[in-house]
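Take a look at the structure set out below.
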Amino acid sequence: MIRTRFAPSPTGVLHIGGARTALFNYLFAKKEKGEFLLRIEDTDKERSKPEFEKDIIESLKWLSLDWDGEIIYQSKRLALYEEELKKLLDEGKIFWCPHRKEELEIEKQGQIIRKESPRHFCDFREGGGEKGILRFKNDTKEKITFQDLIRGEISFEAELLGDFSIAKSFKEPLFLFANSLDDSLLGITHVIRGEDHISNTPKQLMILKALGLRKPEYAHLPLILGKDKSKLSKRHGAAAVYEYKEQGYLFQTMVNFMALLGWHPENEQEIFSKEELIEKFSIKRVQKAGAVFDLEKLNWLNKEHIKKTDNKTLVDLFSPFLKQEWRKNPEYLGKIVELEKPRIAVLKDIADKIDFFFEEPEFDKNILKWKETQSFEEVKENLSEIRELLKEIPENEFIQSKIEKILLPFADKKGRGEVLWPLRAALSGRRQSPGPFEIAEILGKEKTLKRIENALSLMK
RNA sequence: GCCCCUAUCGUCUAACCUGGUUCAGGACAUCAGAUUUUCAAUCUGGUAAUUCGGGUUCAAAUCCCGAUGGGGGCACCA
């Protein structure tokens with residue numbers, strides 16, 4: 001059975017890049033009816049923080065990337081790493097390297113100057129170190145080659161890698177070691193990770209071989225890039241998943257968008273639900289080159305997903321972004337949401353678009369004029385006539401179609417712009433808003449007439 | 001500096017594996033037009049790309065080599 005995993009370290013909040021890696025692992029596993037595990041790589045005691053772990057878990061839940069089974073913590077598996085490290089030491093496959101960081105840095109600089117590959121072949125590789133850190137004794141002379149599911153064959157000259165570090169002590173394993181050991185022990189069949197791990201792969205392959213463990217299949221995803229084409233990070237603006245949640249992007253949008261960043265179906269479909277993605281996903285169709293994160297397209301996608309969401313759900317989604325007193329009447333809100341739906345890219349935008357539905361707008365009287373050339377006399381005249389016409393409509397028939405039927409003949413006679421603009425402006429107090437008939441229906445007869453009255457008195 | 005990955009419109013990408021069906025298709029953005037009292041939405045149309053140089057072939061975006069560009073890695077981080 002297929003088994004994948006997402007293995008974040010809680011040294012920062014969940015980023016778009018990490019989330020996309022998690023998503024691809026999830027999609028691949030689900031597509032193959034396999035399992036998707038979550039493993040927290042908290043071996044770095046100084047940098048790992050509970051709040052980051054919490055953010056990662058919350059973000060994954062929000063994205064609905066549910067993992068199978070319990071969360072695995074590397075900090076709880078220390079005894080296991082220690083055992084394997086001791087075994088390797090006994091077998092002479094790893095050794096204690098006593099060199100200090102500063103000495104190694106000097107060695108590296110010298111190598112760079114001499115145009116050599118920077119690496120450390122330790123003087124103590126045959127033993128005698130007794131303290132310092134544990135390094136892998138790299139005696140491999142030949143090339144290390146592996147098949148990447150996305151890129152095909154990749155090979156490295158093992159000699160160029162030197163004796164790399166794998167643990168600070170028996171109880172402090174490093175990424176290269178703990179990560180590959182766990183993948184093998186937990187039965188991970190496919191390691192799907194970022195392209196930045198390609199150069200770690202040959203080292204992990206050597207570790208696995210020394211341990212006598214089975215190696216997984218590897219697939220290295222292209223990186224997500226910022227506008228300047230470098231690896232996406234904070235300086236490109238929002239990079240954390242929670243920031244998108246706070247702005248009011250739907251989790252469906254994020255899943256859809258991240259999937260399209262580096263993957264594409266055979267046809268030209270752009271809008272996907274998570275279930276469709278699972279069905280259509282194929283690792284073979286993953287891109288090789290990095291993809292630039294395009295906020296414009298994300299906004300468009302969010303609009304599309306908002307349009308697909310029913311009003312009742314939308315009201316709940318919008319609620320956190322609205323004033324307390326606006327939330328009292330869900331039915332009233334539902335009508336407003338229906339109207340504003342096609343105008344909203346991000347949920348948080350709604351607050352300053354719909355205030356006039358709840359409070360009488362205050363505005364400059366010039367807004368009432370359709371064009372500069374229209375006189376206040378004419379506006380007053382038209383608004384007065386509208387008021388009289390609307391008064392005729394019974395309260396229970398005050399709906400869009402009826403209002404339209406009553407008002408349109410008059411508007412056609414006097415000019416639509418001349419009549420409809422002042423009405424719309426009187427009701428919304430804005431230069432831009434939905435149409436007057438729609439607003440009038442939502443407002444109701446009483447409020448509509450009141451606002452026309454207000455507008456008229458503004459021009460006295 | 002060393003190593004690795006990579007290369008189609010501004011951006012995400014299709015066609016590349018299995019060369020001809022492509023004066024390179026779609027989407028976002030952009031520009032025009034239609035509709036409309038305004039904005040949004042919607043509809044129609046337009047601009048816009050195979051990095052360069054060799055080779056293989058009757059034929060190359062597609063295969064091979066090189067150059068160049070871009071990215072990543074080179075920790076007692078992950």
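In the structure tokens, the first chain shown is A, the next is B, and so on; residue numbers restart at 1 for each chain, and ligands run from 1 in the order shown.
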Within 6 Å of chain A, which residues of chain B show up? Give each one with its shortest atom-to-atom distance in Å (one decimal) and the two atoms involved, counting only C-alpha atoms (C1' of nucleotides), rows by chain then rising residue number, as CSV.
residue,atom,partner,partner_atom,distance
B:G1,C1',A:Ile112,CA,4.7
B:C2,C1',A:Ser117,CA,4.2
B:U6,C1',A:Ala289,CA,5.3
B:G26,C1',A:Glu268,CA,5.9
B:C28,C1',A:Lys297,CA,4.8
B:U37,C1',A:Gly417,CA,4.1
B:U38,C1',A:Gln432,CA,5.1
B:C39,C1',A:Gln432,CA,4.6
B:A40,C1',A:Arg343,CA,4.7
B:A41,C1',A:Pro342,CA,5.6
B:G72,C1',A:Asp196,CA,5.3
B:G73,C1',A:Ser199,CA,5.8
B:C76,C1',A:Lys168,CA,5.5
Can you write just those residues out, C-alpha atoms (C1' of nucleotides), as an mmCIF file, in the first residue's frame?
data_model
loop_
_atom_site.group_PDB
_atom_site.id
_atom_site.type_symbol
_atom_site.label_atom_id
_atom_site.label_comp_id
_atom_site.auth_asym_id
_atom_site.auth_seq_id
_atom_site.Cartn_x
_atom_site.Cartn_y
_atom_site.Cartn_z
ATOM 1 C "C1'" G B 1 33.621 28.756 -6.060
ATOM 2 C "C1'" C B 2 31.655 23.482 -6.322
ATOM 3 C "C1'" U B 6 15.450 23.727 -14.791
ATOM 4 C "C1'" G B 26 -6.528 27.395 -22.577
ATOM 5 C "C1'" C B 28 -5.345 34.880 -15.064
ATOM 6 C "C1'" U B 37 -27.905 54.435 -14.349
ATOM 7 C "C1'" U B 38 -22.718 53.206 -11.743
ATOM 8 C "C1'" C B 39 -19.530 49.237 -10.083
ATOM 9 C "C1'" A B 40 -19.202 44.096 -10.343
ATOM 10 C "C1'" A B 41 -20.800 39.973 -13.078
ATOM 11 C "C1'" G B 72 18.161 25.259 -5.347
ATOM 12 C "C1'" G B 73 21.926 23.017 -2.277
ATOM 13 C "C1'" C B 76 26.641 20.909 15.148
#
Residues within 12 Å of A:Ala238, only C-alpha atoms (C1' of nucleotides), excluding chain neighbours under 2 positions, as a list in words:
Val13, Leu14, His15, Ile16, Gly17, Gly226, Leu232, Ser233, Lys234, Arg235, His236, Ala240, Val241, Tyr242, Glu243, Tyr244, Lys245, Glu246, Gln247, Phe293, Asp294 and Leu295 of chain A
Please write the residues from the selection above to a file, keeping N, CA and C atoms, as a compact mmCIF listing (two decimals), in the first residue's frame.
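Writing done, so here's result.txt:
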# COMPACT_ATOMS: atom_id res chain seq x y z
N VAL A 13 5.71 29.11 11.13
CA VAL A 13 4.32 28.82 10.78
C VAL A 13 4.27 28.09 9.44
N LEU A 14 3.14 27.48 9.14
CA LEU A 14 3.01 26.74 7.87
C LEU A 14 2.94 27.72 6.70
N HIS A 15 3.86 27.54 5.77
CA HIS A 15 3.90 28.41 4.60
C HIS A 15 3.21 27.76 3.42
N ILE A 16 2.98 28.60 2.40
CA ILE A 16 2.35 28.11 1.18
C ILE A 16 3.15 26.96 0.58
N GLY A 17 4.46 27.08 0.61
CA GLY A 17 5.30 26.03 0.05
C GLY A 17 5.11 24.70 0.77
N GLY A 226 8.41 33.69 -5.65
CA GLY A 226 7.78 35.00 -5.53
C GLY A 226 7.88 35.74 -6.86
N LEU A 232 9.67 31.54 -2.51
CA LEU A 232 8.66 32.35 -1.85
C LEU A 232 8.95 32.47 -0.35
N SER A 233 8.91 33.71 0.15
CA SER A 233 9.13 33.92 1.58
C SER A 233 8.37 35.15 2.05
N LYS A 234 8.52 35.47 3.33
CA LYS A 234 7.77 36.59 3.92
C LYS A 234 7.93 37.89 3.15
N ARG A 235 9.14 38.09 2.65
CA ARG A 235 9.35 39.38 1.99
C ARG A 235 8.57 39.54 0.69
N HIS A 236 7.96 38.46 0.23
CA HIS A 236 7.09 38.57 -0.95
C HIS A 236 5.66 38.89 -0.55
N ALA A 240 2.36 32.87 4.80
CA ALA A 240 1.81 31.93 5.76
C ALA A 240 0.36 31.59 5.42
N VAL A 241 0.01 30.36 5.63
CA VAL A 241 -1.35 29.91 5.34
C VAL A 241 -2.38 30.69 6.15
N TYR A 242 -2.09 30.91 7.45
CA TYR A 242 -3.08 31.59 8.29
C TYR A 242 -3.39 33.00 7.79
N GLU A 243 -2.43 33.65 7.12
CA GLU A 243 -2.69 34.99 6.61
C GLU A 243 -3.76 34.97 5.53
N TYR A 244 -3.75 33.93 4.72
CA TYR A 244 -4.76 33.83 3.67
C TYR A 244 -6.13 33.54 4.28
N LYS A 245 -6.11 32.77 5.35
CA LYS A 245 -7.36 32.49 6.04
C LYS A 245 -7.92 33.79 6.61
N GLU A 246 -7.06 34.57 7.23
CA GLU A 246 -7.49 35.83 7.84
C GLU A 246 -7.99 36.84 6.82
N GLN A 247 -7.40 36.82 5.64
CA GLN A 247 -7.84 37.74 4.59
C GLN A 247 -9.21 37.36 4.05
N PHE A 293 4.05 32.51 -7.77
CA PHE A 293 2.77 32.66 -7.07
C PHE A 293 2.08 33.92 -7.57
N ASP A 294 0.94 33.77 -8.22
CA ASP A 294 0.25 34.92 -8.82
C ASP A 294 -1.02 35.26 -8.03
N LEU A 295 -0.93 36.39 -7.30
CA LEU A 295 -2.03 36.80 -6.44
C LEU A 295 -3.29 37.12 -7.24
Write out as number ranges by chain the set of residues from stretch 153-368 of chain A that DSSP, computed on the backbone, places in helix (DSSP H, G or I).
A: 158-161, 175-185, 195-211, 234-236, 241-247, 251-260, 274-280, 283-285, 295-308, 311-321, 324-327, 330-343, 347-350, 355-357, 365-368
Could you please take those selected residues and save C-alpha atoms as an mmCIF file, in the first residue's frame?
data_model
loop_
_atom_site.group_PDB
_atom_site.id
_atom_site.type_symbol
_atom_site.label_atom_id
_atom_site.label_comp_id
_atom_site.auth_asym_id
_atom_site.auth_seq_id
_atom_site.Cartn_x
_atom_site.Cartn_y
_atom_site.Cartn_z
ATOM 1 C CA ALA A 158 29.478 10.610 -3.769
ATOM 2 C CA GLU A 159 33.069 11.628 -3.138
ATOM 3 C CA LEU A 160 32.147 15.289 -3.433
ATOM 4 C CA LEU A 161 29.878 14.973 -0.429
ATOM 5 C CA PHE A 175 17.579 15.892 9.892
ATOM 6 C CA LEU A 176 19.488 13.764 7.400
ATOM 7 C CA PHE A 177 19.485 10.815 9.798
ATOM 8 C CA ALA A 178 16.184 11.041 11.690
ATOM 9 C CA ASN A 179 14.230 11.901 8.583
ATOM 10 C CA SER A 180 15.434 9.029 6.424
ATOM 11 C CA LEU A 181 15.369 6.509 9.264
ATOM 12 C CA ASP A 182 11.781 7.385 10.121
ATOM 13 C CA ASP A 183 10.637 7.282 6.533
ATOM 14 C CA SER A 184 11.934 3.763 6.245
ATOM 15 C CA LEU A 185 10.751 2.574 9.651
ATOM 16 C CA GLU A 195 13.235 20.514 -4.827
ATOM 17 C CA ASP A 196 15.519 21.953 -2.168
ATOM 18 C CA HIS A 197 15.928 18.412 -0.872
ATOM 19 C CA ILE A 198 17.391 16.952 -4.054
ATOM 20 C CA SER A 199 20.935 17.359 -2.801
ATOM 21 C CA ASN A 200 20.056 15.656 0.491
ATOM 22 C CA THR A 201 18.873 12.553 -1.292
ATOM 23 C CA PRO A 202 22.242 10.921 -2.055
ATOM 24 C CA LYS A 203 23.292 11.377 1.580
ATOM 25 C CA GLN A 204 20.072 9.838 2.823
ATOM 26 C CA LEU A 205 20.496 6.982 0.385
ATOM 27 C CA MET A 206 23.940 6.274 1.884
ATOM 28 C CA ILE A 207 22.494 6.334 5.404
ATOM 29 C CA LEU A 208 19.728 3.934 4.446
ATOM 30 C CA LYS A 209 22.221 1.599 2.840
ATOM 31 C CA ALA A 210 24.438 1.620 5.950
ATOM 32 C CA LEU A 211 21.388 0.887 8.058
ATOM 33 C CA LYS A 234 7.765 36.586 3.921
ATOM 34 C CA ARG A 235 9.352 39.382 1.989
ATOM 35 C CA HIS A 236 7.089 38.572 -0.953
ATOM 36 C CA VAL A 241 -1.348 29.907 5.336
ATOM 37 C CA TYR A 242 -3.077 31.590 8.287
ATOM 38 C CA GLU A 243 -2.688 34.992 6.612
ATOM 39 C CA TYR A 244 -4.762 33.826 3.668
ATOM 40 C CA LYS A 245 -7.359 32.494 6.040
ATOM 41 C CA GLU A 246 -7.491 35.828 7.841
ATOM 42 C CA GLN A 247 -7.836 37.742 4.589
ATOM 43 C CA PHE A 251 -9.815 26.805 1.910
ATOM 44 C CA GLN A 252 -11.223 25.379 -1.323
ATOM 45 C CA THR A 253 -9.542 28.225 -3.190
ATOM 46 C CA MET A 254 -6.203 27.573 -1.548
ATOM 47 C CA VAL A 255 -6.323 23.852 -2.257
ATOM 48 C CA ASN A 256 -7.352 24.477 -5.857
ATOM 49 C CA PHE A 257 -4.733 27.150 -6.376
ATOM 50 C CA MET A 258 -1.843 25.292 -4.774
ATOM 51 C CA ALA A 259 -2.630 22.220 -6.831
ATOM 52 C CA LEU A 260 -2.376 24.256 -10.015
ATOM 53 C CA LYS A 274 -10.619 18.574 -3.457
ATOM 54 C CA GLU A 275 -12.414 15.394 -4.493
ATOM 55 C CA GLU A 276 -11.906 16.166 -8.175
ATOM 56 C CA LEU A 277 -8.236 16.813 -7.518
ATOM 57 C CA ILE A 278 -7.859 13.448 -5.824
ATOM 58 C CA GLU A 279 -9.503 11.809 -8.783
ATOM 59 C CA LYS A 280 -7.471 13.605 -11.437
ATOM 60 C CA ILE A 283 2.513 12.684 -10.230
ATOM 61 C CA LYS A 284 3.563 12.337 -13.855
ATOM 62 C CA ARG A 285 1.899 15.621 -14.675
ATOM 63 C CA LEU A 295 -2.032 36.795 -6.439
ATOM 64 C CA GLU A 296 -4.274 38.011 -9.283
ATOM 65 C CA LYS A 297 -5.148 34.509 -10.266
ATOM 66 C CA LEU A 298 -5.674 33.531 -6.637
ATOM 67 C CA ASN A 299 -8.186 36.393 -6.289
ATOM 68 C CA TRP A 300 -10.026 35.308 -9.402
ATOM 69 C CA LEU A 301 -10.154 31.740 -8.155
ATOM 70 C CA ASN A 302 -11.495 32.862 -4.797
ATOM 71 C CA LYS A 303 -14.272 34.787 -6.557
ATOM 72 C CA GLU A 304 -15.133 31.659 -8.482
ATOM 73 C CA HIS A 305 -15.290 29.570 -5.333
ATOM 74 C CA ILE A 306 -17.339 32.229 -3.555
ATOM 75 C CA LYS A 307 -19.794 32.170 -6.439
ATOM 76 C CA LYS A 308 -20.127 28.416 -6.029
ATOM 77 C CA ASN A 311 -25.628 31.974 0.676
ATOM 78 C CA LYS A 312 -26.207 30.356 4.013
ATOM 79 C CA THR A 313 -22.634 29.087 4.211
ATOM 80 C CA LEU A 314 -21.396 32.415 2.920
ATOM 81 C CA VAL A 315 -23.203 34.323 5.659
ATOM 82 C CA ASP A 316 -21.346 32.234 8.235
ATOM 83 C CA LEU A 317 -18.046 32.775 6.452
ATOM 84 C CA PHE A 318 -18.565 36.506 6.251
ATOM 85 C CA SER A 319 -19.663 36.887 9.850
ATOM 86 C CA PRO A 320 -16.206 37.251 11.400
ATOM 87 C CA PHE A 321 -15.604 40.211 9.128
ATOM 88 C CA GLN A 324 -21.662 42.639 15.700
ATOM 89 C CA GLU A 325 -24.964 44.447 15.113
ATOM 90 C CA TRP A 326 -25.006 43.548 11.436
ATOM 91 C CA ARG A 327 -25.042 39.855 12.214
ATOM 92 C CA PRO A 330 -29.117 36.160 8.928
ATOM 93 C CA GLU A 331 -31.978 36.273 6.453
ATOM 94 C CA TYR A 332 -31.414 39.949 5.704
ATOM 95 C CA LEU A 333 -27.679 39.275 5.434
ATOM 96 C CA GLY A 334 -28.365 36.406 3.073
ATOM 97 C CA LYS A 335 -30.028 38.726 0.574
ATOM 98 C CA ILE A 336 -27.158 41.190 0.758
ATOM 99 C CA VAL A 337 -24.594 38.448 0.327
ATOM 100 C CA GLU A 338 -26.424 37.175 -2.741
ATOM 101 C CA LEU A 339 -26.184 40.650 -4.233
ATOM 102 C CA GLU A 340 -22.529 41.289 -3.397
ATOM 103 C CA LYS A 341 -21.258 37.824 -4.264
ATOM 104 C CA PRO A 342 -19.937 38.663 -7.739
ATOM 105 C CA ARG A 343 -18.244 41.783 -6.405
ATOM 106 C CA LEU A 347 -14.141 37.864 2.311
ATOM 107 C CA LYS A 348 -12.770 40.765 4.310
ATOM 108 C CA ASP A 349 -13.704 43.148 1.483
ATOM 109 C CA ILE A 350 -17.362 42.849 2.329
ATOM 110 C CA ASP A 355 -22.582 49.402 5.449
ATOM 111 C CA PHE A 356 -25.397 51.309 3.737
ATOM 112 C CA PHE A 357 -27.730 48.359 4.133
ATOM 113 C CA LYS A 365 -25.259 65.864 -2.390
ATOM 114 C CA ASN A 366 -23.235 66.089 -5.601
ATOM 115 C CA ILE A 367 -23.227 62.325 -5.725
ATOM 116 C CA LEU A 368 -26.944 62.504 -6.529
#
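One finds atom C1' of B:A14 at 26.0 Å from atom CA of A:Tyr218.
Residue nearest B:A67 within the list B:A29, B:C52, B:C5, B:C23: B:C52 [criterion: smallest interatomic distance, only C-alpha atoms (C1' of nucleotides)].
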Using DSSP on the backbone coordinates, identify all residues within stretch 158-295 of chain A classified as strand (DSSP E); present the result as a PyMOL selection string.
chain A and resi 165-169+172-173+190-194+217-221+224-225+291-292
Atom pair atom CA of A:Lys131 / atom CA of A:Phe95: separation (Å)
9.2 Å
Rounded to one decimal place, report the atom CA of A:Ala440-atom CA of A:Leu407 distance in Å.
11.7 Å
Best match for closeness to B:A15 among B:C43, B:A49, B:A61, B:C3, counting only C-alpha atoms (C1' of nucleotides)
B:A61
Could you tell me which of A:Arg39, A:Ala345, A:Thr21, A:Phe164 comes closest to A:Gly248 if we count only C-alpha atoms?
A:Ala345
